[in-house]
Number of protein chains: 2
Amino acid sequence: MDVKDIKILLVDDEDDVLDFMKYNLDKEGFQVHTAQNGLDAIQVAKKVFPQLIILDLMMPKLDGIETCRELRAIPEFKNTLVAFLTAREEDYSQIAGFDAGADDYITKPIKPCVFISRIKALLRRLETNQTGGKLRVGDIEIDRDRYLILKDGKEIILPRKEFELLSLLASKPGRVFKREEILSKVWGNDTIVGDRTIDVHIRKLREKIGDEYFKTIKGIGYKFDA
Amino acid sequence: MDVKDIKILLVDDEDDVLDFMKYNLDKEGFQVHTAQNGLDAIQVAKKVFPQLIILDLMMPKLDGIETCRELRAIPEFKNTLVAFLTAREEDYSQIAGFDAGADDYITKPIKPCVFISRIKALLRRLETNQTGGKLRVGDIEIDRDRYLILKDGKEIILPRKEFELLSLLASKPGRVFKREEILSKVWGNDTIVGDRTIDVHIRKLREKIGDEYFKTIKGIGYKFDA
DNA sequence: ACCATTCAAAACAGTATGTTAACCTTAACT
DNA sequence: AGTTAAGGTTAACATACTGTTTTGAATGGT
């Protein structure tokens, strides 16, 4: 994805912080939107659908954690990246919302170059996470909206896990996905399933889609290739 | 990177603080090492090559800031994460060493869950920095995402250990990696393998990639050069 | 309530990969 | 040049990892 296609929503009640961030992100070519409190932030977010939202923790009307919760409750923002902005001095025990939805936190003050690289590092996660839409790899088309596969014009209907596994692998053709990465993205972080489960699903995919597309990298994981 | 491959070095002169941190990090599955002062810390660090070092500010022999400076002066630890541990009451203006190398600081007392999430947030920086991406050295390209080597446009597929060994050596072309460093980074600290194991893997790499790239430094280790 | 489908676990087999041991070669130092 | 210590080579061996099948438990629809 190109930098100029990425929308970032900055939310902070202090003008100078907002200016600092906006200036640096503008310079990199991002589309930058701003809001001064949580309520406004949600309004703006619903309009522009940013890929990343940077939320100050301490804000009037709706603080960062609450804003994050509300956003996460909206399906459209399930995969939106959210980063918290905190002052170094703030009491970290307050950051209970960490595990509950934030993707990163950034402490201020922060140097411009560090700030930018943190943002870029965060955005890198997007690339593998995209959901929805269609995806073509070779002669295979994955329709995420309709939950079906098209191969040689024929529809193939896959069970959910198989579909999601294929979807993940095909989202970056050629790239190897480690077993743990597959587990965390298809099964979720908390679920504990046996090692063989992935193999079984891969086997079913090979059966239904074709053996040649799925390559095993021993000791690492699998990759999809056309 | 898997949790169990992450090494954390805890440095504090107070036993109870050390115990608290070790207990919680152990529980998460990290490999935890400890030291009671700065001098010991540097010794341990040189042996185990941790990804993260947590340094108490106030310590006998060598305080946190000084220890951090010394570590940063050693090339091997340029990319190691360093977090400071401070009492809430301490005057933050004293933390001059902040810009000079620390990646974060943590105030004590701190709740276990907050402590853990801080650590995890810190470690997340590692992933985007060192895994993934491509690496070019001369006419050889190492594609970490696809787990393959490109040489003269040809794909070379390497087994895991060979790939990781090459990956390590090529990450700093020309630099010599000591045998113990190779062992700790490719094999891990806990695994005990014989002396000849490295040689065998180097041999296989020379076979597959080319003899000329791998230079032996007797009594020290190996380096990769184009 | 029943059946079909999907998912996960367990058991086992096959094989690539990793390790070792023994022996050979090379390089450094006297 | 001889000696010694370190690395190189090879093949046998061990093991870790994946592939496959079977079985049983959930799940969801009729």
# chains A, B, ... in the order shown; residues from 1 in each chain; ligands from 1
$ closest_atom_pairs --of "chain B" --to "chain C" --cutoff "9 Å" --atoms "only C-alpha atoms (C1' of nucleotides)" --output "tab-separated table"
residue	atom	partner	partner_atom	distance
B:Pro159	CA	C:DT17	C1'	7.2
B:Arg160	CA	C:DT17	C1'	8.5
B:Lys161	CA	C:DG18	C1'	8.4
B:Val193	CA	C:DT19	C1'	7.6
B:Gly194	CA	C:DT20	C1'	7.5
B:Arg196	CA	C:DT20	C1'	8.3
B:Thr197	CA	C:DT19	C1'	6.6
B:Lys218	CA	C:DA27	C1'	8.6
$ closest_atom_pairs --of "chain A" --to "chain D" --cutoff "12 Å" --atoms "only C-alpha atoms (C1' of nucleotides)" --output "Markdown table"
| residue | atom | partner | partner_atom | distance |
| --- | --- | --- | --- | --- |
| A:Arg179 | CA | D:DC17 | C1' | 11.9 |
| A:Asp195 | CA | D:DT18 | C1' | 9.9 |
| A:Arg196 | CA | D:DT18 | C1' | 8.4 |
| A:Thr197 | CA | D:DT18 | C1' | 11.4 |
| A:Ile198 | CA | D:DT18 | C1' | 10.3 |
| A:Asp199 | CA | D:DT18 | C1' | 7.4 |
| A:Val200 | CA | D:DG19 | C1' | 8.4 |
| A:His201 | CA | D:DG19 | C1' | 11.3 |
| A:Ile202 | CA | D:DG19 | C1' | 10.0 |
| A:Arg203 | CA | D:DG19 | C1' | 8.0 |
| A:Lys204 | CA | D:DT20 | C1' | 11.0 |
| A:Arg206 | CA | D:DG19 | C1' | 11.7 |
| A:Lys215 | CA | D:DT18 | C1' | 11.7 |
| A:Thr216 | CA | D:DT18 | C1' | 8.5 |
| A:Ile217 | CA | D:DT18 | C1' | 9.7 |
| A:Lys218 | CA | D:DC17 | C1' | 6.7 |
| A:Gly219 | CA | D:DC17 | C1' | 6.5 |
| A:Ile220 | CA | D:DC17 | C1' | 9.7 |
| A:Gly221 | CA | D:DT18 | C1' | 10.0 |
| A:Tyr222 | CA | D:DT18 | C1' | 11.0 |
$ interface_residues --of "chain A" --to "chain B" --cutoff "7 Å" --atoms "only C-alpha atoms" --output "number ranges by chain"
A: 93, 104, 121, 174-176, 219
$ residues_around --residues "Ile209 of chain A" --least-positions-apart "2" --cutoff "12 Å" --atoms "only C-alpha atoms (C1' of nucleotides)" --output "NGL selection string"
:A and (139-142 or 148-152 or 154-158 or 162-163 or 166 or 201-207 or 211-214 or 224-226)
$ write_last_selection --atoms "N, CA and C atoms" --output "compact mmCIF listing (two decimals), in the first residue's frame"
# COMPACT_ATOMS: atom_id res chain seq x y z
N ASP A 139 -4.63 -18.54 -10.85
CA ASP A 139 -5.95 -18.84 -11.40
C ASP A 139 -6.98 -19.07 -10.30
N ILE A 140 -6.62 -18.59 -9.11
CA ILE A 140 -7.54 -18.77 -7.99
C ILE A 140 -8.03 -17.42 -7.51
N GLU A 141 -9.34 -17.33 -7.30
CA GLU A 141 -9.88 -16.08 -6.80
C GLU A 141 -10.56 -16.34 -5.47
N ILE A 142 -10.20 -15.52 -4.49
CA ILE A 142 -10.79 -15.66 -3.18
C ILE A 142 -11.72 -14.48 -2.95
N LEU A 148 -16.27 -17.56 -0.69
CA LEU A 148 -16.08 -18.70 -1.60
C LEU A 148 -14.87 -18.51 -2.48
N ILE A 149 -14.43 -19.62 -3.04
CA ILE A 149 -13.25 -19.65 -3.89
C ILE A 149 -13.69 -19.89 -5.32
N LEU A 150 -13.04 -19.23 -6.25
CA LEU A 150 -13.30 -19.51 -7.66
C LEU A 150 -12.03 -20.08 -8.29
N LYS A 151 -12.16 -21.26 -8.86
CA LYS A 151 -11.03 -21.85 -9.55
C LYS A 151 -11.52 -22.40 -10.88
N ASP A 152 -10.93 -21.95 -11.97
CA ASP A 152 -11.38 -22.30 -13.32
C ASP A 152 -12.88 -22.02 -13.48
N LYS A 154 -15.09 -22.31 -11.46
CA LYS A 154 -15.94 -23.12 -10.57
C LYS A 154 -15.88 -22.61 -9.14
N GLU A 155 -17.03 -22.64 -8.52
CA GLU A 155 -17.09 -22.23 -7.13
C GLU A 155 -16.68 -23.39 -6.22
N ILE A 156 -15.82 -23.08 -5.28
CA ILE A 156 -15.49 -24.09 -4.28
C ILE A 156 -15.88 -23.51 -2.93
N ILE A 157 -16.65 -24.23 -2.19
CA ILE A 157 -17.06 -23.74 -0.88
C ILE A 157 -16.25 -24.44 0.20
N LEU A 158 -15.61 -23.63 1.00
CA LEU A 158 -14.75 -24.17 2.04
C LEU A 158 -15.33 -23.90 3.43
N GLU A 162 -10.83 -23.60 7.03
CA GLU A 162 -10.06 -23.81 5.81
C GLU A 162 -10.03 -22.52 4.99
N PHE A 163 -11.17 -21.86 4.94
CA PHE A 163 -11.24 -20.61 4.18
C PHE A 163 -10.30 -19.56 4.75
N LEU A 166 -6.65 -20.46 4.08
CA LEU A 166 -6.29 -20.16 2.70
C LEU A 166 -6.20 -18.65 2.50
N HIS A 201 -5.72 -29.26 8.24
CA HIS A 201 -6.42 -28.28 7.42
C HIS A 201 -5.68 -28.01 6.12
N ILE A 202 -4.38 -27.98 6.20
CA ILE A 202 -3.59 -27.82 4.99
C ILE A 202 -3.86 -28.98 4.04
N ARG A 203 -3.92 -30.15 4.62
CA ARG A 203 -4.17 -31.33 3.79
C ARG A 203 -5.49 -31.21 3.04
N LYS A 204 -6.50 -30.75 3.76
CA LYS A 204 -7.81 -30.61 3.13
C LYS A 204 -7.77 -29.57 2.02
N LEU A 205 -7.02 -28.51 2.25
CA LEU A 205 -6.88 -27.49 1.22
C LEU A 205 -6.17 -28.07 0.00
N ARG A 206 -5.12 -28.82 0.25
CA ARG A 206 -4.39 -29.42 -0.87
C ARG A 206 -5.32 -30.32 -1.67
N GLU A 207 -6.17 -31.03 -0.95
CA GLU A 207 -7.13 -31.93 -1.57
C GLU A 207 -8.08 -31.15 -2.48
N ASP A 211 -2.59 -29.68 -4.77
CA ASP A 211 -1.41 -29.94 -3.97
C ASP A 211 -0.32 -28.90 -4.21
N GLU A 212 -0.20 -28.51 -5.48
CA GLU A 212 0.96 -27.72 -5.89
C GLU A 212 1.00 -26.32 -5.30
N TYR A 213 -0.12 -25.84 -4.83
CA TYR A 213 -0.16 -24.46 -4.34
C TYR A 213 0.43 -24.29 -2.95
N PHE A 214 0.44 -25.37 -2.20
CA PHE A 214 0.83 -25.26 -0.80
C PHE A 214 2.19 -25.88 -0.56
N PHE A 224 1.90 -20.20 0.32
CA PHE A 224 1.00 -20.40 -0.81
C PHE A 224 1.67 -19.83 -2.04
N ASP A 225 1.66 -20.59 -3.12
CA ASP A 225 2.31 -20.11 -4.34
C ASP A 225 1.60 -20.60 -5.58
N ALA A 226 1.57 -19.73 -6.57
CA ALA A 226 0.89 -20.10 -7.80
C ALA A 226 1.91 -20.52 -8.86
$ select_by_dssp --residues "segment 8-159 of chain A" --states "strand (DSSP E or B)" --output "count of residues only"
41
$ select_by_dssp --residues "segment 10-40 of chain B" --states "alpha helix (DSSP H)" --output "number ranges by chain"
B: 15-28, 38-40
$ residues_around --residues "segment 12-25 of chain A" --least-positions-apart "2" --cutoff "10 Å" --atoms "only C-alpha atoms (C1' of nucleotides)" --output "PyMOL selection string"
chain A and resi 8-10+27-38+41+54-60+63-64+85+108-110+112-113+115-116+119
$ write_last_selection --atoms "N, CA, C and O atoms" --output "compact mmCIF listing (two decimals), in the first residue's frame"
# COMPACT_ATOMS: atom_id res chain seq x y z
N ILE A 8 -4.53 8.62 8.64
CA ILE A 8 -4.24 8.54 10.07
C ILE A 8 -5.09 9.58 10.79
O ILE A 8 -5.16 10.73 10.37
N LEU A 9 -5.73 9.16 11.85
CA LEU A 9 -6.52 10.09 12.65
C LEU A 9 -5.81 10.37 13.97
O LEU A 9 -5.53 9.44 14.75
N LEU A 10 -5.48 11.63 14.19
CA LEU A 10 -4.80 12.04 15.41
C LEU A 10 -5.82 12.63 16.38
O LEU A 10 -6.62 13.47 16.00
N LYS A 27 4.52 15.47 6.40
CA LYS A 27 5.79 15.49 5.68
C LYS A 27 6.10 14.15 5.03
O LYS A 27 6.75 14.07 3.99
N GLU A 28 5.62 13.08 5.65
CA GLU A 28 5.87 11.74 5.12
C GLU A 28 4.90 11.39 4.00
O GLU A 28 5.06 10.36 3.34
N GLY A 29 3.84 12.19 3.88
CA GLY A 29 2.89 11.94 2.80
C GLY A 29 1.60 11.27 3.23
O GLY A 29 0.77 10.93 2.39
N PHE A 30 1.43 11.06 4.51
CA PHE A 30 0.19 10.45 4.98
C PHE A 30 -0.97 11.44 4.87
O PHE A 30 -0.77 12.66 4.89
N GLN A 31 -2.18 10.89 4.77
CA GLN A 31 -3.37 11.73 4.90
C GLN A 31 -3.68 11.84 6.37
O GLN A 31 -3.98 10.86 7.03
N VAL A 32 -3.62 13.05 6.89
CA VAL A 32 -3.78 13.21 8.33
C VAL A 32 -5.09 13.91 8.67
O VAL A 32 -5.43 14.94 8.09
N HIS A 33 -5.85 13.32 9.56
CA HIS A 33 -7.07 13.94 10.08
C HIS A 33 -6.87 14.14 11.58
O HIS A 33 -6.09 13.43 12.21
N THR A 34 -7.61 15.09 12.14
CA THR A 34 -7.43 15.33 13.57
C THR A 34 -8.77 15.49 14.28
O THR A 34 -9.80 15.75 13.66
N ALA A 35 -8.72 15.29 15.59
CA ALA A 35 -9.88 15.54 16.44
C ALA A 35 -9.35 15.93 17.81
O ALA A 35 -8.22 15.60 18.17
N GLN A 36 -10.17 16.64 18.56
CA GLN A 36 -9.69 17.16 19.85
C GLN A 36 -10.23 16.40 21.05
O GLN A 36 -9.84 16.64 22.18
N ASN A 37 -11.18 15.53 20.80
CA ASN A 37 -11.68 14.70 21.91
C ASN A 37 -12.24 13.40 21.36
O ASN A 37 -12.39 13.21 20.15
N GLY A 38 -12.56 12.50 22.27
CA GLY A 38 -12.98 11.17 21.88
C GLY A 38 -14.25 11.13 21.05
O GLY A 38 -14.35 10.38 20.07
N ALA A 41 -13.61 12.26 17.65
CA ALA A 41 -12.76 11.26 17.01
C ALA A 41 -13.61 10.17 16.37
O ALA A 41 -13.38 9.77 15.22
N ILE A 54 -4.48 7.46 16.42
CA ILE A 54 -3.58 7.71 17.54
C ILE A 54 -4.34 8.50 18.60
O ILE A 54 -4.78 9.62 18.35
N LEU A 55 -4.51 7.90 19.76
CA LEU A 55 -5.36 8.46 20.80
C LEU A 55 -4.56 8.92 22.01
O LEU A 55 -3.80 8.12 22.57
N ASP A 56 -4.76 10.15 22.41
CA ASP A 56 -4.18 10.58 23.67
C ASP A 56 -4.98 9.93 24.80
O ASP A 56 -6.18 9.71 24.68
N LEU A 57 -4.29 9.60 25.87
CA LEU A 57 -4.99 8.95 26.98
C LEU A 57 -5.90 9.92 27.73
O LEU A 57 -7.06 9.64 27.99
N MET A 58 -5.33 11.07 28.07
CA MET A 58 -6.06 12.05 28.86
C MET A 58 -6.75 13.06 27.96
O MET A 58 -6.09 13.88 27.33
N MET A 59 -8.08 12.99 27.91
CA MET A 59 -8.81 13.93 27.07
C MET A 59 -10.16 14.24 27.72
O MET A 59 -10.71 13.42 28.44
N PRO A 60 -10.67 15.42 27.43
CA PRO A 60 -12.00 15.74 27.92
C PRO A 60 -13.06 14.97 27.14
O PRO A 60 -12.78 14.43 26.07
N ASP A 63 -12.13 9.76 27.27
CA ASP A 63 -10.69 9.55 27.28
C ASP A 63 -10.28 8.46 26.28
O ASP A 63 -11.12 7.81 25.68
N GLY A 64 -8.98 8.29 26.14
CA GLY A 64 -8.46 7.40 25.12
C GLY A 64 -8.96 5.97 25.24
O GLY A 64 -9.37 5.35 24.26
N LEU A 85 -1.32 7.42 23.17
CA LEU A 85 -0.28 8.41 23.38
C LEU A 85 -0.28 8.72 24.87
O LEU A 85 -1.32 9.06 25.44
N LYS A 108 5.21 10.38 24.98
CA LYS A 108 5.70 11.69 24.60
C LYS A 108 6.46 12.27 25.78
O LYS A 108 6.12 11.94 26.93
N PRO A 109 7.46 13.08 25.64
CA PRO A 109 7.92 13.56 24.33
C PRO A 109 8.64 12.47 23.54
O PRO A 109 9.18 11.54 24.11
N ILE A 110 8.62 12.63 22.22
CA ILE A 110 9.26 11.65 21.36
C ILE A 110 9.89 12.39 20.19
O ILE A 110 9.34 13.38 19.70
N PRO A 112 10.95 13.23 16.44
CA PRO A 112 10.25 13.05 15.17
C PRO A 112 10.63 11.76 14.45
O PRO A 112 9.76 11.00 14.04
N CYS A 113 11.93 11.48 14.35
CA CYS A 113 12.34 10.31 13.58
C CYS A 113 11.87 9.02 14.26
O CYS A 113 11.49 8.06 13.59
N PHE A 115 9.25 8.82 16.22
CA PHE A 115 7.80 8.83 16.05
C PHE A 115 7.40 8.23 14.71
O PHE A 115 6.58 7.32 14.64
N ILE A 116 8.04 8.73 13.67
CA ILE A 116 7.73 8.25 12.33
C ILE A 116 8.00 6.76 12.17
O ILE A 116 7.21 6.02 11.61
N ILE A 119 5.34 4.71 13.79
CA ILE A 119 4.12 4.71 12.99
C ILE A 119 4.24 3.74 11.82
O ILE A 119 3.36 2.93 11.56
$ residues_around --residues "Glu76 of chain B" --least-positions-apart "4" --cutoff "10 Å" --atoms "only C-alpha atoms (C1' of nucleotides)" --output "list in words"
Ala45, Lys46, Phe49, Leu71, Arg72, Thr80, Phe177 and Glu181 of chain B
$ atom_distance --atom1 "atom CA of Val44 of chain B" --atom2 "atom CA of Leu169 of chain B"
22.4 Å
$ decode --residues "segment 9-20 of chain D" --atoms "all heavy atoms" --output "compact mmCIF listing (two decimals), in the first residue's frame"
# COMPACT_ATOMS: atom_id res chain seq x y z
P DT D 9 35.57 -28.73 3.66
OP1 DT D 9 36.09 -28.56 2.28
OP2 DT D 9 34.38 -27.96 4.08
O5' DT D 9 35.31 -30.27 3.91
C5' DT D 9 36.38 -31.19 3.76
C4' DT D 9 35.94 -32.59 4.12
O4' DT D 9 35.85 -32.71 5.55
C3' DT D 9 34.57 -32.99 3.57
O3' DT D 9 34.77 -34.04 2.64
C2' DT D 9 33.77 -33.43 4.81
C1' DT D 9 34.84 -33.65 5.85
N1 DT D 9 34.46 -33.39 7.28
C2 DT D 9 34.60 -34.39 8.20
O2 DT D 9 35.01 -35.52 7.93
N3 DT D 9 34.25 -34.04 9.49
C4 DT D 9 33.78 -32.81 9.91
O4 DT D 9 33.51 -32.62 11.10
C5 DT D 9 33.66 -31.81 8.89
C7 DT D 9 33.16 -30.44 9.24
C6 DT D 9 34.00 -32.14 7.64
P DT D 10 33.62 -34.44 1.65
OP1 DT D 10 34.25 -34.81 0.36
OP2 DT D 10 32.54 -33.43 1.68
O5' DT D 10 33.06 -35.77 2.34
C5' DT D 10 33.98 -36.75 2.79
C4' DT D 10 33.32 -37.69 3.78
O4' DT D 10 33.24 -37.05 5.06
C3' DT D 10 31.88 -38.07 3.40
O3' DT D 10 31.88 -39.40 2.93
C2' DT D 10 31.08 -37.91 4.71
C1' DT D 10 32.14 -37.61 5.76
N1 DT D 10 31.73 -36.62 6.79
C2 DT D 10 31.85 -36.97 8.11
O2 DT D 10 32.25 -38.06 8.48
N3 DT D 10 31.47 -35.98 8.99
C4 DT D 10 31.00 -34.72 8.67
O4 DT D 10 30.70 -33.94 9.54
C5 DT D 10 30.91 -34.43 7.26
C7 DT D 10 30.41 -33.10 6.81
C6 DT D 10 31.28 -35.38 6.39
P DA D 11 30.59 -40.00 2.24
OP1 DA D 11 31.09 -40.82 1.12
OP2 DA D 11 29.55 -38.96 2.00
O5' DA D 11 30.07 -40.97 3.39
C5' DA D 11 31.01 -41.62 4.25
C4' DA D 11 30.30 -42.08 5.50
O4' DA D 11 30.14 -40.95 6.40
C3' DA D 11 28.90 -42.63 5.27
O3' DA D 11 28.68 -43.71 6.17
C2' DA D 11 28.00 -41.45 5.63
C1' DA D 11 28.78 -40.87 6.79
N9 DA D 11 28.48 -39.48 7.09
C8 DA D 11 28.15 -38.49 6.22
N7 DA D 11 27.94 -37.32 6.79
C5 DA D 11 28.15 -37.56 8.13
C6 DA D 11 28.08 -36.74 9.26
N6 DA D 11 27.77 -35.44 9.21
N1 DA D 11 28.35 -37.30 10.46
C2 DA D 11 28.67 -38.60 10.51
N3 DA D 11 28.77 -39.47 9.51
C4 DA D 11 28.49 -38.88 8.33
P DA D 12 27.50 -44.72 5.92
OP1 DA D 12 28.06 -45.89 5.22
OP2 DA D 12 26.35 -43.98 5.34
O5' DA D 12 27.12 -45.16 7.41
C5' DA D 12 28.13 -45.24 8.40
C4' DA D 12 27.56 -44.81 9.75
O4' DA D 12 27.41 -43.38 9.79
C3' DA D 12 26.18 -45.40 10.06
O3' DA D 12 26.18 -45.84 11.40
C2' DA D 12 25.23 -44.22 9.82
C1' DA D 12 26.11 -43.06 10.24
N9 DA D 12 25.75 -41.77 9.63
C8 DA D 12 25.51 -41.50 8.31
N7 DA D 12 25.22 -40.25 8.07
C5 DA D 12 25.26 -39.64 9.31
C6 DA D 12 25.03 -38.31 9.73
N6 DA D 12 24.73 -37.32 8.89
N1 DA D 12 25.16 -38.05 11.04
C2 DA D 12 25.47 -39.05 11.88
N3 DA D 12 25.71 -40.33 11.61
C4 DA D 12 25.58 -40.56 10.29
P DC D 13 25.04 -46.72 11.97
OP1 DC D 13 25.68 -47.75 12.81
OP2 DC D 13 24.15 -47.08 10.86
O5' DC D 13 24.26 -45.71 12.94
C5' DC D 13 25.00 -44.96 13.91
C4' DC D 13 24.15 -43.79 14.35
O4' DC D 13 24.01 -42.86 13.28
C3' DC D 13 22.72 -44.17 14.76
O3' DC D 13 22.62 -43.98 16.17
C2' DC D 13 21.82 -43.22 13.96
C1' DC D 13 22.81 -42.16 13.48
N1 DC D 13 22.46 -41.49 12.19
C2 DC D 13 22.24 -40.10 12.20
O2 DC D 13 22.31 -39.49 13.28
N3 DC D 13 21.92 -39.47 11.05
C4 DC D 13 21.85 -40.17 9.92
N4 DC D 13 21.56 -39.50 8.81
C5 DC D 13 22.09 -41.58 9.88
C6 DC D 13 22.38 -42.19 11.03
P DA D 14 21.29 -44.37 16.93
OP1 DA D 14 21.65 -44.85 18.27
OP2 DA D 14 20.44 -45.19 16.04
O5' DA D 14 20.62 -42.94 17.10
C5' DA D 14 21.37 -41.89 17.69
C4' DA D 14 20.54 -40.62 17.69
O4' DA D 14 20.41 -40.11 16.36
C3' DA D 14 19.12 -40.79 18.24
O3' DA D 14 18.92 -39.77 19.19
C2' DA D 14 18.22 -40.67 17.00
C1' DA D 14 19.06 -39.82 16.06
N9 DA D 14 18.90 -40.10 14.63
C8 DA D 14 18.97 -41.33 14.01
N7 DA D 14 18.82 -41.27 12.70
C5 DA D 14 18.64 -39.92 12.45
C6 DA D 14 18.42 -39.21 11.26
N6 DA D 14 18.36 -39.78 10.06
N1 DA D 14 18.27 -37.86 11.37
C2 DA D 14 18.34 -37.29 12.57
N3 DA D 14 18.55 -37.86 13.76
C4 DA D 14 18.68 -39.19 13.63
P DT D 15 17.57 -39.65 19.97
OP1 DT D 15 17.92 -39.12 21.29
OP2 DT D 15 16.80 -40.92 19.80
O5' DT D 15 16.79 -38.51 19.20
C5' DT D 15 17.48 -37.32 18.85
C4' DT D 15 16.56 -36.45 18.02
O4' DT D 15 16.58 -36.85 16.63
C3' DT D 15 15.08 -36.54 18.45
O3' DT D 15 14.52 -35.27 18.32
C2' DT D 15 14.48 -37.44 17.39
C1' DT D 15 15.25 -36.93 16.18
N1 DT D 15 15.21 -37.82 15.00
C2 DT D 15 15.12 -37.26 13.74
O2 DT D 15 15.08 -36.05 13.57
N3 DT D 15 15.07 -38.17 12.71
C4 DT D 15 15.10 -39.54 12.81
O4 DT D 15 15.05 -40.23 11.82
C5 DT D 15 15.19 -40.06 14.15
C7 DT D 15 15.23 -41.54 14.37
C6 DT D 15 15.23 -39.20 15.17
P DA D 16 13.96 -34.39 19.45
OP1 DA D 16 15.05 -33.95 20.32
OP2 DA D 16 12.78 -35.08 19.99
O5' DA D 16 13.50 -33.12 18.60
C5' DA D 16 14.40 -32.62 17.60
C4' DA D 16 13.63 -32.28 16.35
O4' DA D 16 13.46 -33.44 15.49
C3' DA D 16 12.22 -31.75 16.61
O3' DA D 16 12.04 -30.62 15.77
C2' DA D 16 11.31 -32.91 16.20
C1' DA D 16 12.11 -33.56 15.10
N9 DA D 16 11.87 -35.00 14.91
C8 DA D 16 11.74 -35.96 15.87
N7 DA D 16 11.58 -37.16 15.39
C5 DA D 16 11.60 -36.99 14.03
C6 DA D 16 11.47 -37.89 12.95
N6 DA D 16 11.30 -39.18 13.10
N1 DA D 16 11.55 -37.37 11.71
C2 DA D 16 11.73 -36.06 11.55
N3 DA D 16 11.86 -35.11 12.48
C4 DA D 16 11.79 -35.65 13.71
P DC D 17 10.87 -29.64 15.96
OP1 DC D 17 11.42 -28.28 15.95
OP2 DC D 17 10.06 -30.12 17.10
O5' DC D 17 10.05 -29.85 14.63
C5' DC D 17 10.73 -29.75 13.38
C4' DC D 17 9.89 -30.43 12.33
O4' DC D 17 9.94 -31.86 12.52
C3' DC D 17 8.41 -30.07 12.39
O3' DC D 17 8.09 -29.26 11.27
C2' DC D 17 7.68 -31.40 12.39
C1' DC D 17 8.75 -32.40 12.01
N1 DC D 17 8.58 -33.76 12.59
C2 DC D 17 8.50 -34.86 11.73
O2 DC D 17 8.57 -34.66 10.51
N3 DC D 17 8.36 -36.09 12.26
C4 DC D 17 8.29 -36.25 13.58
N4 DC D 17 8.15 -37.50 14.05
C5 DC D 17 8.37 -35.15 14.48
C6 DC D 17 8.51 -33.93 13.94
P DT D 18 6.65 -28.73 11.03
OP1 DT D 18 6.78 -27.45 10.32
OP2 DT D 18 5.91 -28.83 12.28
O5' DT D 18 6.06 -29.80 10.01
C5' DT D 18 6.75 -30.05 8.80
C4' DT D 18 6.17 -31.27 8.13
O4' DT D 18 6.31 -32.42 8.99
C3' DT D 18 4.68 -31.18 7.78
O3' DT D 18 4.53 -31.45 6.40
C2' DT D 18 4.02 -32.22 8.67
C1' DT D 18 5.15 -33.20 8.90
N1 DT D 18 5.06 -34.01 10.16
C2 DT D 18 5.04 -35.38 10.07
O2 DT D 18 5.10 -35.97 9.01
N3 DT D 18 4.97 -36.03 11.29
C4 DT D 18 4.90 -35.45 12.54
O4 DT D 18 4.84 -36.14 13.55
C5 DT D 18 4.92 -34.00 12.55
C7 DT D 18 4.85 -33.27 13.85
C6 DT D 18 5.00 -33.36 11.38
P DG D 19 3.12 -31.42 5.72
OP1 DG D 19 3.31 -31.00 4.33
OP2 DG D 19 2.17 -30.71 6.59
O5' DG D 19 2.74 -32.97 5.70
C5' DG D 19 3.54 -33.86 4.92
C4' DG D 19 2.85 -35.21 4.79
O4' DG D 19 2.90 -35.89 6.06
C3' DG D 19 1.38 -35.14 4.40
O3' DG D 19 1.14 -36.18 3.46
C2' DG D 19 0.63 -35.35 5.71
C1' DG D 19 1.60 -36.22 6.50
N9 DG D 19 1.61 -36.01 7.95
C8 DG D 19 1.73 -34.81 8.61
N7 DG D 19 1.73 -34.94 9.91
C5 DG D 19 1.60 -36.31 10.12
C6 DG D 19 1.55 -37.05 11.33
O6 DG D 19 1.62 -36.63 12.49
N1 DG D 19 1.42 -38.41 11.09
C2 DG D 19 1.36 -38.99 9.84
N2 DG D 19 1.22 -40.31 9.81
N3 DG D 19 1.40 -38.31 8.71
C4 DG D 19 1.53 -36.98 8.93
P DT D 20 -0.24 -36.30 2.76
OP1 DT D 20 0.00 -36.93 1.45
OP2 DT D 20 -0.94 -35.00 2.83
O5' DT D 20 -1.02 -37.35 3.67
C5' DT D 20 -0.43 -38.62 3.90
C4' DT D 20 -1.25 -39.43 4.87
O4' DT D 20 -0.99 -38.99 6.21
C3' DT D 20 -2.76 -39.35 4.68
O3' DT D 20 -3.22 -40.62 4.28
C2' DT D 20 -3.31 -38.93 6.05
C1' DT D 20 -2.15 -39.21 6.97
N1 DT D 20 -2.05 -38.33 8.16
C2 DT D 20 -2.05 -38.92 9.40
O2 DT D 20 -2.12 -40.11 9.57
N3 DT D 20 -1.93 -38.03 10.45
C4 DT D 20 -1.84 -36.65 10.37
O4 DT D 20 -1.74 -35.97 11.38
C5 DT D 20 -1.85 -36.11 9.04
C7 DT D 20 -1.75 -34.64 8.84
C6 DT D 20 -1.95 -36.96 8.01
